[in-house]
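Reviewing the structure listed below.
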Number of protein chains: 2
Amino acid sequence: MNIEEMTLEEITQKIYSLFNEKNYSAIKEILIELNPADIAAAFDEFPIETRNLIFRLLPKEEAAEVFVELEVDAQEALIRAFSDTELREIIDELYLDDTVDIIEEMPATIVKRILRNTDSQTRASINTLLKYPEDSAGSIMTTEYVSLKKDSTVEDAFKRIRRTGVDKETIYTCYVTDESRHLIGVTTVKELLLHEYDDLIEDFMETNTIYINTHDDKEIAVQLFDKYNFLALPVVDMENRLVGIITVDDAMDVLQEENTEDIHKMNAIVRTSEKPYLKIGVFETFKSRIPWLMLLMVSATFTGMIITAFEDKLSVLIILTSFIPMLMDTGGNSGGQASVTIIRALSLNEIDLNDIFRVIWKEIRVGICCGLSLAAVNFAKVWMIDKLLIGTEGITLKVDLVISLTLVIEIIFAKIVGCTLPIFAKKLKFDPAVMSSPFITTIVDALSLLIYFWLATAILHI
Amino acid sequence: MNIEEMTLEEITQKIYSLFNEKNYSAIKEILIELNPADIAAAFDEFPIETRNLIFRLLPKEEAAEVFVELEVDAQEALIRAFSDTELREIIDELYLDDTVDIIEEMPATIVKRILRNTDSQTRASINTLLKYPEDSAGSIMTTEYVSLKKDSTVEDAFKRIRRTGVDKETIYTCYVTDESRHLIGVTTVKELLLHEYDDLIEDFMETNTIYINTHDDKEIAVQLFDKYNFLALPVVDMENRLVGIITVDDAMDVLQEENTEDIHKMNAIVRTSEKPYLKIGVFETFKSRIPWLMLLMVSATFTGMIITAFEDKLSVLIILTSFIPMLMDTGGNSGGQASVTIIRALSLNEIDLNDIFRVIWKEIRVGICCGLSLAAVNFAKVWMIDKLLIGTEGITLKVDLVISLTLVIEIIFAKIVGCTLPIFAKKLKFDPAVMSSPFITTIVDALSLLIYFWLATAILHI
């Protein structure tokens with residue numbers, strides 16, 4: 001049976017039975033057919049006693065590729081099982097940025113073992129990379145890149161790539177530096193291939209280089225990748241010396257993380273961990289959710305106070321109470337839509353702070369359209385269904401009018417609040433995503449109730 | 001003054017004054033210093049009468065790169081201003097997938113003009129690409145890639161890349177095909193560079209190739225990029241013949257679009273357009289927001305009916321009304337947190353349908369922790385602040401107990417509803433993101449009210 005056509009479960013079973021038969025060479029053949037990322041994804045499924053063996057059966061380079069893709073706990077278990085020689089071999093095959101990522105997740109004893117088993121030069125680079133702040137460009141870069149001199153020829157460049165390229169994560173973008181490692185230009189293997197062997201690099205290299213500083217936020221790196229379609233981005237230090245590069249696959253990982261973080265923030269979740277859902281403990285999940293729940297619960301005191309203040313009027317016409325949930329939800333949803341749209345547009349750089357009046361003007365018009373349509377449908381629905389069909393007591397034309405008018409006004413307010421708060425947050429250098437829908441909802445709730453009771457007092461004379 | 005140090009505004013002003021002085025060669029010098037993506041971003045800011053000229057001053061290849069990055073309306077205005085010769089030159093420089101993207105956005109008259117100005121072979125390829133369904137892998141691929149024969153040597157391969165590579169979007173991944181264009185292997189320029197000139201491709205090419213079908217969803221392509229860190233992904237037709245490739249920059253664009261779509265869906269917005277926020281008209285924005293608002297408003301009829309049913313009891317103890325907003329919001333927020341976390345985990349493939357019981361078990365425990373903490377704080381707050389400090393009438397220990405108990409139970413329910421609905425949606429082949437927080441909120445609202453009134457009846461004997 002062809003490996004490519006087997007499901008993960010079938011492969012796991014096959015490996016297990018071969019393991020029991022001690023037919024290790026057959027296992028090896030299966031593993032070679034599989035992609036490292038697939039082996040890593042399946043690793044958790046392999047019986048625990050087979051894992052170390054499976055890993056040892058992999059060719060060295062592939063073993064490193066699998067290792068990088070494994071979950072942290074699987075990595076830790078393997079390292080504990082490794083001899084020092086095995087550990088050294090794996091680390092030799094890893095790219096530096098991956099080694100650093102692994103070190104950041106491991107307990108101190110394992111970190112010490114890893115550092116003891118690397119040569120002094122690698123150890124120095126690891127220590128430098130570990131020092132960059134968590135969300136900085138420096139923390140996601142690798143120090144392995146191809147650097148060229150400007151007076152080299154294309155032929156020299158290819159010789160250099162052939163000699164040093166095997167250890168580099170990417171060789172396709174080559175950086176031209178001067179004697180003091182300042183970045184003076186950039187070229188690509190495509191350019192090199194399209195020029196003659198005796199052409200000089202400096203004659204065709206791109207000198208208008210876009211780069212990032214080690215201490216810049218990694219989010220900026222992602223924006224540059226998004227804008228310029230790079231395969232790699234050079235990273236320079238404070239003295240503008242080239243110290244590393246960020247590759248597109250790492251940028252894509254950061255992009256996914258940032259998106260997850262934004263989505264969580266927008267829904268009142270404090271992100272405390274980058275681990276996958278099922279690997280995060282109950283208490284940690286609790287900690288990520290309770291702060292906003294608590295804050296929003298306590299701020300709902302205001303809505304309670306508003307209702308208490310109008311209690312006498314409500315008791316006269318208790319039917320008004322039954323529309324409170326609908327009014328609150330519709331207001332909250334309207335405001336949430338606006339805030340989410342604006343938060344996303346800000347993060348995609350589709351709008352900036354100067355657009356605030358254009359944004360408000362647009363949201364007011366959208367609010368009027370939404371408000372009028374919803375009010376019209378609501379007016380008809382309350383009369384036909386609640387009054388005539390169900391026969392709910394206390395509904396009069398004036399009551400219906402109060403509810404429908406509240407809808408129009410609250411929706412317009414909700415849209416304005418929803419679109420301005422994220423922009424103000426950005427102006428105050430907060431992350432706009434903290435102006436989450438739940439937060440907007442809490443504000444809009446209070447506004448909606450005030451509008452509702454004010455209209456009720458004015459129109460129904462209660 | 002150095003161009004690199006000037007702000008966009010300064011550059012725009014400089015260009016405008018040079019334009020008035022008719023000093024076109026100075027403008028050209030400025031433009032050459034700028035990156036195409038930056039020129040495109042600034043294009044809207046340039047005075048309208050200078051735009052055609054600025055475009056004509058750009059070197060051909062750069063003009064094409066700028067053109068691709070422009071907004072649709074700017075592209076349309078330029079095409080209208082182009083002579084047929086100019087149009088032909090730009091299209092010659094464009095990659096095929098970009099031409100197709102542009103054609104898809106243009107009015108019919110312009111499409112006809114574009115097709116009239118392409119050679120018959122290109123026209124045929126464009127027509128093929130246009131036929132793929134909107135969200136398919138085929139719709140985002142390009143048909144320009146480097147293909148090699150398995151019995152070529154490394155030297156042959158480099159000759160071929162040098163000869164044909166200039167027109168390809170990426171040359172770094174090379175695809176090995178047989179006589180009937182079936183994909184039989186893949187290799188990279190890195191591999192080629194690290195082998196001897198007389199090595200045969202078939203001796204080192206990777207044969208366990210990962211590919212995608214033209215009709216697969218483009219989301220699958222993005223997942224493959226994310227998992228395997230590709231620079232390009234081959235696309236095959238129903239007969240497994242190689243027909244194109246998807247490049248990593250296009251995958252990144254799709255990833256951003258999908259994220260935006262998910263974020264909008266999760267907040268009850270129907271995405272109708274991929275245009276940036278300010279380019280979408282008021283009516284179109286209205287259309288994207290009204291369906292869910294309307295549906296959710298009408299479904300709030302149930303919460304209204306629940307309140308009406310308990311109206312008599314509420315009128316006895318009207319203080320209960322003032323806690324309805326807080327209970328509804330807290331329940332909604334709790335459920336929203338769970339649903340958003342699960343929707344995101346599903347889309348990142350962190351969990352699948354089989355994990356449903358592990359997910360529910362985890363959410364129940366998180367719900368208990370959140371519920372107990374919030375209830376404790378609420379119990380103290382209602383007594384100390386609402387009763388003793390503000391002196392709200394009608395609050396007794398039993399009332400406080402009803403409210404706090406409701407919190408515990410509704411939060412556990414909210415977490416269960418929030419985590420199960422997205423998984424069920426996925427099981428029924430819907431997009432889990434439709435189980436948005438607003439939707440969950442509406443369900444949790446009804447549940448919370450029922451729990452509240454039931455507890456009130458039981459404990460307060462009203």
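By order of appearance in the structure tokens: chains A, B, ..., then residues from 1 within every chain, and ligands from 1 in the order shown.
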
* So which residues touch Asn229 in chain B within 10 Å, counting only C-alpha atoms, skipping near sequence neighbours fewer than 6 positions away, as a PyMOL selection string? -> (chain A and resi 37+248-250+252-253) or (chain B and resi 223+248)

Write the residues of the selection above to a file with all heavy atoms, as a PDB file, in the first residue's frame.
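As a result, selection.pdb now contains:
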ATOM      1  N   ALA A  37       7.029  17.914   8.602  1.00  0.00           N
ATOM      2  CA  ALA A  37       5.901  18.560   9.299  1.00  0.00           C
ATOM      3  C   ALA A  37       4.801  17.542   9.610  1.00  0.00           C
ATOM      4  O   ALA A  37       4.134  17.637  10.638  1.00  0.00           O
ATOM      5  CB  ALA A  37       5.340  19.704   8.465  1.00  0.00           C
ATOM      6  N   VAL A 248      10.444  34.878   5.631  1.00  0.00           N
ATOM      7  CA  VAL A 248       9.004  35.047   5.418  1.00  0.00           C
ATOM      8  C   VAL A 248       8.172  34.039   6.215  1.00  0.00           C
ATOM      9  O   VAL A 248       7.076  34.351   6.673  1.00  0.00           O
ATOM     10  CB  VAL A 248       8.656  35.003   3.907  1.00  0.00           C
ATOM     11  CG1 VAL A 248       8.938  33.643   3.309  1.00  0.00           C
ATOM     12  CG2 VAL A 248       7.214  35.397   3.656  1.00  0.00           C
ATOM     13  N   ASP A 249       8.704  32.831   6.448  1.00  0.00           N
ATOM     14  CA  ASP A 249       7.917  31.847   7.195  1.00  0.00           C
ATOM     15  C   ASP A 249       7.743  32.282   8.648  1.00  0.00           C
ATOM     16  O   ASP A 249       6.675  32.109   9.234  1.00  0.00           O
ATOM     17  CB  ASP A 249       8.540  30.443   7.115  1.00  0.00           C
ATOM     18  CG  ASP A 249       9.988  30.438   7.537  1.00  0.00           C
ATOM     19  OD1 ASP A 249      10.728  31.357   7.133  1.00  0.00           O
ATOM     20  OD2 ASP A 249      10.394  29.532   8.270  1.00  0.00           O
ATOM     21  N   ASP A 250       8.787  32.903   9.215  1.00  0.00           N
ATOM     22  CA  ASP A 250       8.644  33.412  10.581  1.00  0.00           C
ATOM     23  C   ASP A 250       7.687  34.598  10.616  1.00  0.00           C
ATOM     24  O   ASP A 250       6.913  34.753  11.564  1.00  0.00           O
ATOM     25  CB  ASP A 250      10.006  33.806  11.148  1.00  0.00           C
ATOM     26  CG  ASP A 250      10.885  32.595  11.386  1.00  0.00           C
ATOM     27  OD1 ASP A 250      10.327  31.529  11.729  1.00  0.00           O
ATOM     28  OD2 ASP A 250      12.110  32.682  11.206  1.00  0.00           O
ATOM     29  N   MET A 252       5.156  34.996   8.728  1.00  0.00           N
ATOM     30  CA  MET A 252       3.807  34.442   8.616  1.00  0.00           C
ATOM     31  C   MET A 252       3.343  33.914   9.973  1.00  0.00           C
ATOM     32  O   MET A 252       2.174  34.086  10.341  1.00  0.00           O
ATOM     33  CB  MET A 252       3.824  33.310   7.593  1.00  0.00           C
ATOM     34  CG  MET A 252       2.535  33.153   6.850  1.00  0.00           C
ATOM     35  SD  MET A 252       2.847  32.456   5.227  1.00  0.00           S
ATOM     36  CE  MET A 252       1.213  31.847   4.841  1.00  0.00           C
ATOM     37  N   ASP A 253       4.249  33.292  10.726  1.00  0.00           N
ATOM     38  CA  ASP A 253       3.882  32.825  12.064  1.00  0.00           C
ATOM     39  C   ASP A 253       3.499  34.005  12.955  1.00  0.00           C
ATOM     40  O   ASP A 253       2.512  33.939  13.697  1.00  0.00           O
ATOM     41  CB  ASP A 253       5.051  32.064  12.712  1.00  0.00           C
ATOM     42  CG  ASP A 253       5.282  30.719  12.047  1.00  0.00           C
ATOM     43  OD1 ASP A 253       4.377  30.272  11.307  1.00  0.00           O
ATOM     44  OD2 ASP A 253       6.359  30.133  12.238  1.00  0.00           O
TER      45      ASP A 253
ATOM     46  N   GLN B 223      -3.198  27.001   4.533  1.00  0.00           N
ATOM     47  CA  GLN B 223      -2.832  26.068   5.605  1.00  0.00           C
ATOM     48  C   GLN B 223      -1.572  25.287   5.255  1.00  0.00           C
ATOM     49  O   GLN B 223      -0.732  25.030   6.106  1.00  0.00           O
ATOM     50  CB  GLN B 223      -3.984  25.108   5.887  1.00  0.00           C
ATOM     51  CG  GLN B 223      -5.115  25.790   6.656  1.00  0.00           C
ATOM     52  CD  GLN B 223      -6.375  24.952   6.731  1.00  0.00           C
ATOM     53  OE1 GLN B 223      -6.431  23.853   6.180  1.00  0.00           O
ATOM     54  NE2 GLN B 223      -7.400  25.462   7.388  1.00  0.00           N
ATOM     55  N   VAL B 248       4.232  32.560  -2.113  1.00  0.00           N
ATOM     56  CA  VAL B 248       4.017  32.830  -0.685  1.00  0.00           C
ATOM     57  C   VAL B 248       3.411  34.206  -0.443  1.00  0.00           C
ATOM     58  O   VAL B 248       2.616  34.393   0.480  1.00  0.00           O
ATOM     59  CB  VAL B 248       5.319  32.628   0.123  1.00  0.00           C
ATOM     60  CG1 VAL B 248       6.382  33.628  -0.260  1.00  0.00           C
ATOM     61  CG2 VAL B 248       5.052  32.694   1.625  1.00  0.00           C
TER      62      VAL B 248
END

* **Which of range 213-329 of chain B DSSP labels strand (DSSP E or B), written as an NGL selection string** => :B and (213 or 217 or 232-236 or 241-247)

Output the selection as a short mmCIF file (atom, residue, chain, number, x, y, z; two decimals), in the first residue's frame - all heavy atoms for each residue.
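Everything below was put into part-v5.cif:
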data_model
loop_
_atom_site.label_atom_id
_atom_site.label_comp_id
_atom_site.auth_asym_id
_atom_site.auth_seq_id
_atom_site.Cartn_x
_atom_site.Cartn_y
_atom_site.Cartn_z
N ASN B 213 -5.11 20.96 -5.59
CA ASN B 213 -5.88 20.89 -6.81
C ASN B 213 -6.48 22.26 -7.14
O ASN B 213 -6.81 23.02 -6.25
CB ASN B 213 -7.00 19.85 -6.61
CG ASN B 213 -7.60 19.45 -7.93
OD1 ASN B 213 -8.33 20.22 -8.53
ND2 ASN B 213 -7.28 18.26 -8.39
N ASP B 217 -10.22 24.74 -2.02
CA ASP B 217 -10.39 26.08 -1.46
C ASP B 217 -9.03 26.72 -1.22
O ASP B 217 -8.10 26.07 -0.78
CB ASP B 217 -11.16 25.98 -0.13
CG ASP B 217 -11.70 27.33 0.31
OD1 ASP B 217 -10.87 28.26 0.48
OD2 ASP B 217 -12.92 27.47 0.45
N ALA B 232 6.58 28.41 -2.55
CA ALA B 232 5.59 28.27 -3.63
C ALA B 232 4.98 26.89 -3.54
O ALA B 232 5.60 25.95 -3.03
CB ALA B 232 6.26 28.46 -4.99
N LEU B 233 3.74 26.78 -3.99
CA LEU B 233 2.99 25.53 -3.90
C LEU B 233 2.47 25.18 -5.29
O LEU B 233 1.82 26.00 -5.93
CB LEU B 233 1.81 25.73 -2.94
CG LEU B 233 0.80 24.59 -2.78
CD1 LEU B 233 1.44 23.41 -2.06
CD2 LEU B 233 -0.42 25.07 -2.00
N PRO B 234 2.76 23.96 -5.78
CA PRO B 234 2.28 23.60 -7.12
C PRO B 234 0.78 23.30 -7.13
O PRO B 234 0.24 22.76 -6.17
CB PRO B 234 3.08 22.35 -7.47
CG PRO B 234 3.49 21.77 -6.16
CD PRO B 234 3.60 22.91 -5.19
N VAL B 235 0.14 23.68 -8.24
CA VAL B 235 -1.30 23.45 -8.39
C VAL B 235 -1.51 22.52 -9.59
O VAL B 235 -0.97 22.76 -10.67
CB VAL B 235 -2.06 24.78 -8.64
CG1 VAL B 235 -3.56 24.56 -8.64
CG2 VAL B 235 -1.67 25.83 -7.61
N VAL B 236 -2.27 21.43 -9.39
CA VAL B 236 -2.49 20.46 -10.47
C VAL B 236 -3.97 20.42 -10.84
O VAL B 236 -4.82 20.80 -10.05
CB VAL B 236 -2.03 19.04 -10.07
CG1 VAL B 236 -0.55 19.03 -9.73
CG2 VAL B 236 -2.85 18.52 -8.90
N ARG B 241 -2.05 17.04 -13.78
CA ARG B 241 -1.05 17.77 -14.55
C ARG B 241 -0.79 19.10 -13.89
O ARG B 241 -1.71 19.78 -13.43
CB ARG B 241 -1.52 17.98 -16.00
CG ARG B 241 -1.43 16.73 -16.85
CD ARG B 241 -1.90 17.07 -18.24
NE ARG B 241 -3.18 17.76 -18.17
CZ ARG B 241 -4.26 17.38 -18.85
NH1 ARG B 241 -4.22 16.33 -19.65
NH2 ARG B 241 -5.37 18.05 -18.76
N LEU B 242 0.48 19.49 -13.87
CA LEU B 242 0.85 20.77 -13.27
C LEU B 242 0.31 21.91 -14.13
O LEU B 242 0.59 21.97 -15.33
CB LEU B 242 2.38 20.86 -13.18
CG LEU B 242 2.95 22.11 -12.52
CD1 LEU B 242 2.54 22.18 -11.06
CD2 LEU B 242 4.46 22.14 -12.63
N VAL B 243 -0.49 22.80 -13.54
CA VAL B 243 -1.02 23.91 -14.32
C VAL B 243 -0.59 25.28 -13.79
O VAL B 243 -0.74 26.29 -14.46
CB VAL B 243 -2.57 23.88 -14.39
CG1 VAL B 243 -3.03 22.76 -15.29
CG2 VAL B 243 -3.17 23.75 -13.00
N GLY B 244 -0.04 25.32 -12.57
CA GLY B 244 0.39 26.61 -12.06
C GLY B 244 0.99 26.50 -10.68
O GLY B 244 1.15 25.39 -10.15
N ILE B 245 1.35 27.64 -10.12
CA ILE B 245 1.88 27.65 -8.75
C ILE B 245 1.25 28.83 -7.99
O ILE B 245 0.81 29.80 -8.58
CB ILE B 245 3.42 27.81 -8.71
CG1 ILE B 245 3.85 29.12 -9.38
CG2 ILE B 245 4.10 26.62 -9.35
CD1 ILE B 245 5.29 29.48 -9.12
N ILE B 246 1.22 28.68 -6.67
CA ILE B 246 0.81 29.80 -5.81
C ILE B 246 2.07 30.24 -5.06
O ILE B 246 2.81 29.40 -4.55
CB ILE B 246 -0.27 29.35 -4.80
CG1 ILE B 246 -1.51 28.89 -5.56
CG2 ILE B 246 -0.61 30.47 -3.83
CD1 ILE B 246 -2.56 28.26 -4.68
N THR B 247 2.32 31.55 -5.03
CA THR B 247 3.53 32.03 -4.37
C THR B 247 3.20 32.52 -2.96
O THR B 247 2.06 32.85 -2.65
CB THR B 247 4.18 33.17 -5.17
OG1 THR B 247 3.18 34.15 -5.47
CG2 THR B 247 4.78 32.64 -6.46
#

* Identify, on the basis of only C-alpha atoms, every residue whose closest approach to range 343-351 of chain B does not exceed 6 Å; exclude the query and any residue fewer than 2 positions from it along the same chain; express the result as a list in words. =>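 What passes the distance filter is Pro276 of chain A; Ser339, Val340, Thr341, Pro432 and Ala433 of chain B.
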
Give me a file of those residues, with all heavy atoms, as a PDB file, in the first residue's frame.
ATOM      1  N   PRO A 276      -1.297  26.218  22.019  1.00  0.00           N
ATOM      2  CA  PRO A 276      -2.598  25.868  21.454  1.00  0.00           C
ATOM      3  C   PRO A 276      -3.631  25.615  22.556  1.00  0.00           C
ATOM      4  O   PRO A 276      -3.269  25.240  23.681  1.00  0.00           O
ATOM      5  CB  PRO A 276      -2.321  24.591  20.658  1.00  0.00           C
ATOM      6  CG  PRO A 276      -1.002  24.081  21.113  1.00  0.00           C
ATOM      7  CD  PRO A 276      -0.258  25.243  21.671  1.00  0.00           C
TER       8      PRO A 276
ATOM      9  N   SER B 339     -16.706  31.118  22.642  1.00  0.00           N
ATOM     10  CA  SER B 339     -16.915  30.844  21.218  1.00  0.00           C
ATOM     11  C   SER B 339     -15.772  31.377  20.373  1.00  0.00           C
ATOM     12  O   SER B 339     -15.285  30.711  19.466  1.00  0.00           O
ATOM     13  CB  SER B 339     -18.267  31.409  20.750  1.00  0.00           C
ATOM     14  OG  SER B 339     -18.197  32.790  20.540  1.00  0.00           O
ATOM     15  N   VAL B 340     -15.284  32.577  20.699  1.00  0.00           N
ATOM     16  CA  VAL B 340     -14.176  33.150  19.929  1.00  0.00           C
ATOM     17  C   VAL B 340     -12.922  32.289  20.055  1.00  0.00           C
ATOM     18  O   VAL B 340     -12.226  32.028  19.076  1.00  0.00           O
ATOM     19  CB  VAL B 340     -13.912  34.587  20.408  1.00  0.00           C
ATOM     20  CG1 VAL B 340     -12.498  35.008  20.123  1.00  0.00           C
ATOM     21  CG2 VAL B 340     -14.898  35.525  19.738  1.00  0.00           C
ATOM     22  N   THR B 341     -12.645  31.824  21.271  1.00  0.00           N
ATOM     23  CA  THR B 341     -11.466  30.980  21.474  1.00  0.00           C
ATOM     24  C   THR B 341     -11.569  29.703  20.651  1.00  0.00           C
ATOM     25  O   THR B 341     -10.604  29.278  20.012  1.00  0.00           O
ATOM     26  CB  THR B 341     -11.333  30.618  22.967  1.00  0.00           C
ATOM     27  OG1 THR B 341     -11.432  31.814  23.731  1.00  0.00           O
ATOM     28  CG2 THR B 341     -10.012  29.950  23.245  1.00  0.00           C
ATOM     29  N   PRO B 432     -17.490  27.821  11.255  1.00  0.00           N
ATOM     30  CA  PRO B 432     -17.714  28.008  12.691  1.00  0.00           C
ATOM     31  C   PRO B 432     -17.856  29.486  13.068  1.00  0.00           C
ATOM     32  O   PRO B 432     -18.521  29.804  14.057  1.00  0.00           O
ATOM     33  CB  PRO B 432     -16.456  27.420  13.334  1.00  0.00           C
ATOM     34  CG  PRO B 432     -15.866  26.522  12.317  1.00  0.00           C
ATOM     35  CD  PRO B 432     -16.268  27.051  10.977  1.00  0.00           C
ATOM     36  N   ALA B 433     -17.243  30.376  12.280  1.00  0.00           N
ATOM     37  CA  ALA B 433     -17.269  31.802  12.639  1.00  0.00           C
ATOM     38  C   ALA B 433     -18.675  32.402  12.616  1.00  0.00           C
ATOM     39  O   ALA B 433     -18.900  33.466  13.180  1.00  0.00           O
ATOM     40  CB  ALA B 433     -16.344  32.601  11.729  1.00  0.00           C
TER      41      ALA B 433
END

* To do: Excluding Leu8 in chain B and residues on its chain fewer than 2 positions from it, collect all residues at most 12 Å away from it, counting only C-alpha atoms, and give them as a list in words.
  => Ile3, Glu4, Glu5, Met6, Glu10, Ile11, Thr12, Gln13, Lys14, Ile15, Ile30, Leu34, Asp38, Ile39, Ala40, Ala41, Ala42, Phe43, Asp44, Glu45 and Phe46 of chain B

* Asked: For Asp312 in chain B, which residue out of B:Lys275, B:Thr457, B:Asp199, B:Met328 is the nearest one, using only C-alpha atoms?
  -> B:Thr457

* To do: Tell me, as a PyMOL selection string, which residues lie within 7 Å of Asp445 in chain B, counting only C-alpha atoms; anything in the same chain fewer than 6 positions away does not count.
  => chain B and resi 303+328+331-332

* To do: Fewer than 5 positions away in the same chain doesn't count, so skip those; otherwise give me all residues within 12 Å of range 75-83 of chain B, counting only C-alpha atoms, as a count of residues only.
  => 39

* **Atom-to-atom span, CA of Met294 in chain A and CA of Ile409 in chain A, Å** =>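 About the pair CA of Met294 in chain A and CA of Ile409 in chain A: they are 29.1 Å apart.
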
* Would you please give, as a VMD selection string, all residues of range 152-280 of chain A that DSSP assigns to helix (DSSP H, G or I) based on the backbone? => chain A and resid 154 to 167 189 to 194 201 to 204 218 to 228 248 to 266 277 to 279

* Nearby residues (only C-alpha atoms) at most 9 Å from Leu317 in chain A, same-chain spacing under 3 positions excluded, as a PyMOL selection string -> chain A and resi 313-314+320-321+394+462

* Return the single residue from A:Leu200, A:Ile451, A:Val402, A:Ala251 that is closest to chain B, with distances computed using only C-alpha atoms. => A:Ala251

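Using only C-alpha atoms for every distance, the candidate list A:Val100, A:Val186, A:Leu115, A:Ile263 yields A:Ile263 as the residue closest to chain B.
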
* To do: Kindly give the distance, in Å, that separates CA of Glu62 in chain B and CA of Leu94 in chain B, rounded to a single decimal.
  =>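 Computing it gives 10.2 Å between the two atoms.
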
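Distances from A:Glu155, A:Asp400, A:Glu134, A:Glu261 to His195 in chain A were compared using only C-alpha atoms, and the smallest one belongs to A:Glu155.
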
* Asked: Separation of CA of Leu372 in chain B and CA of Leu449 in chain A, in Å?
  ->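 Computed distance, CA of Leu372 in chain B to CA of Leu449 in chain A, equals 28.5 Å.
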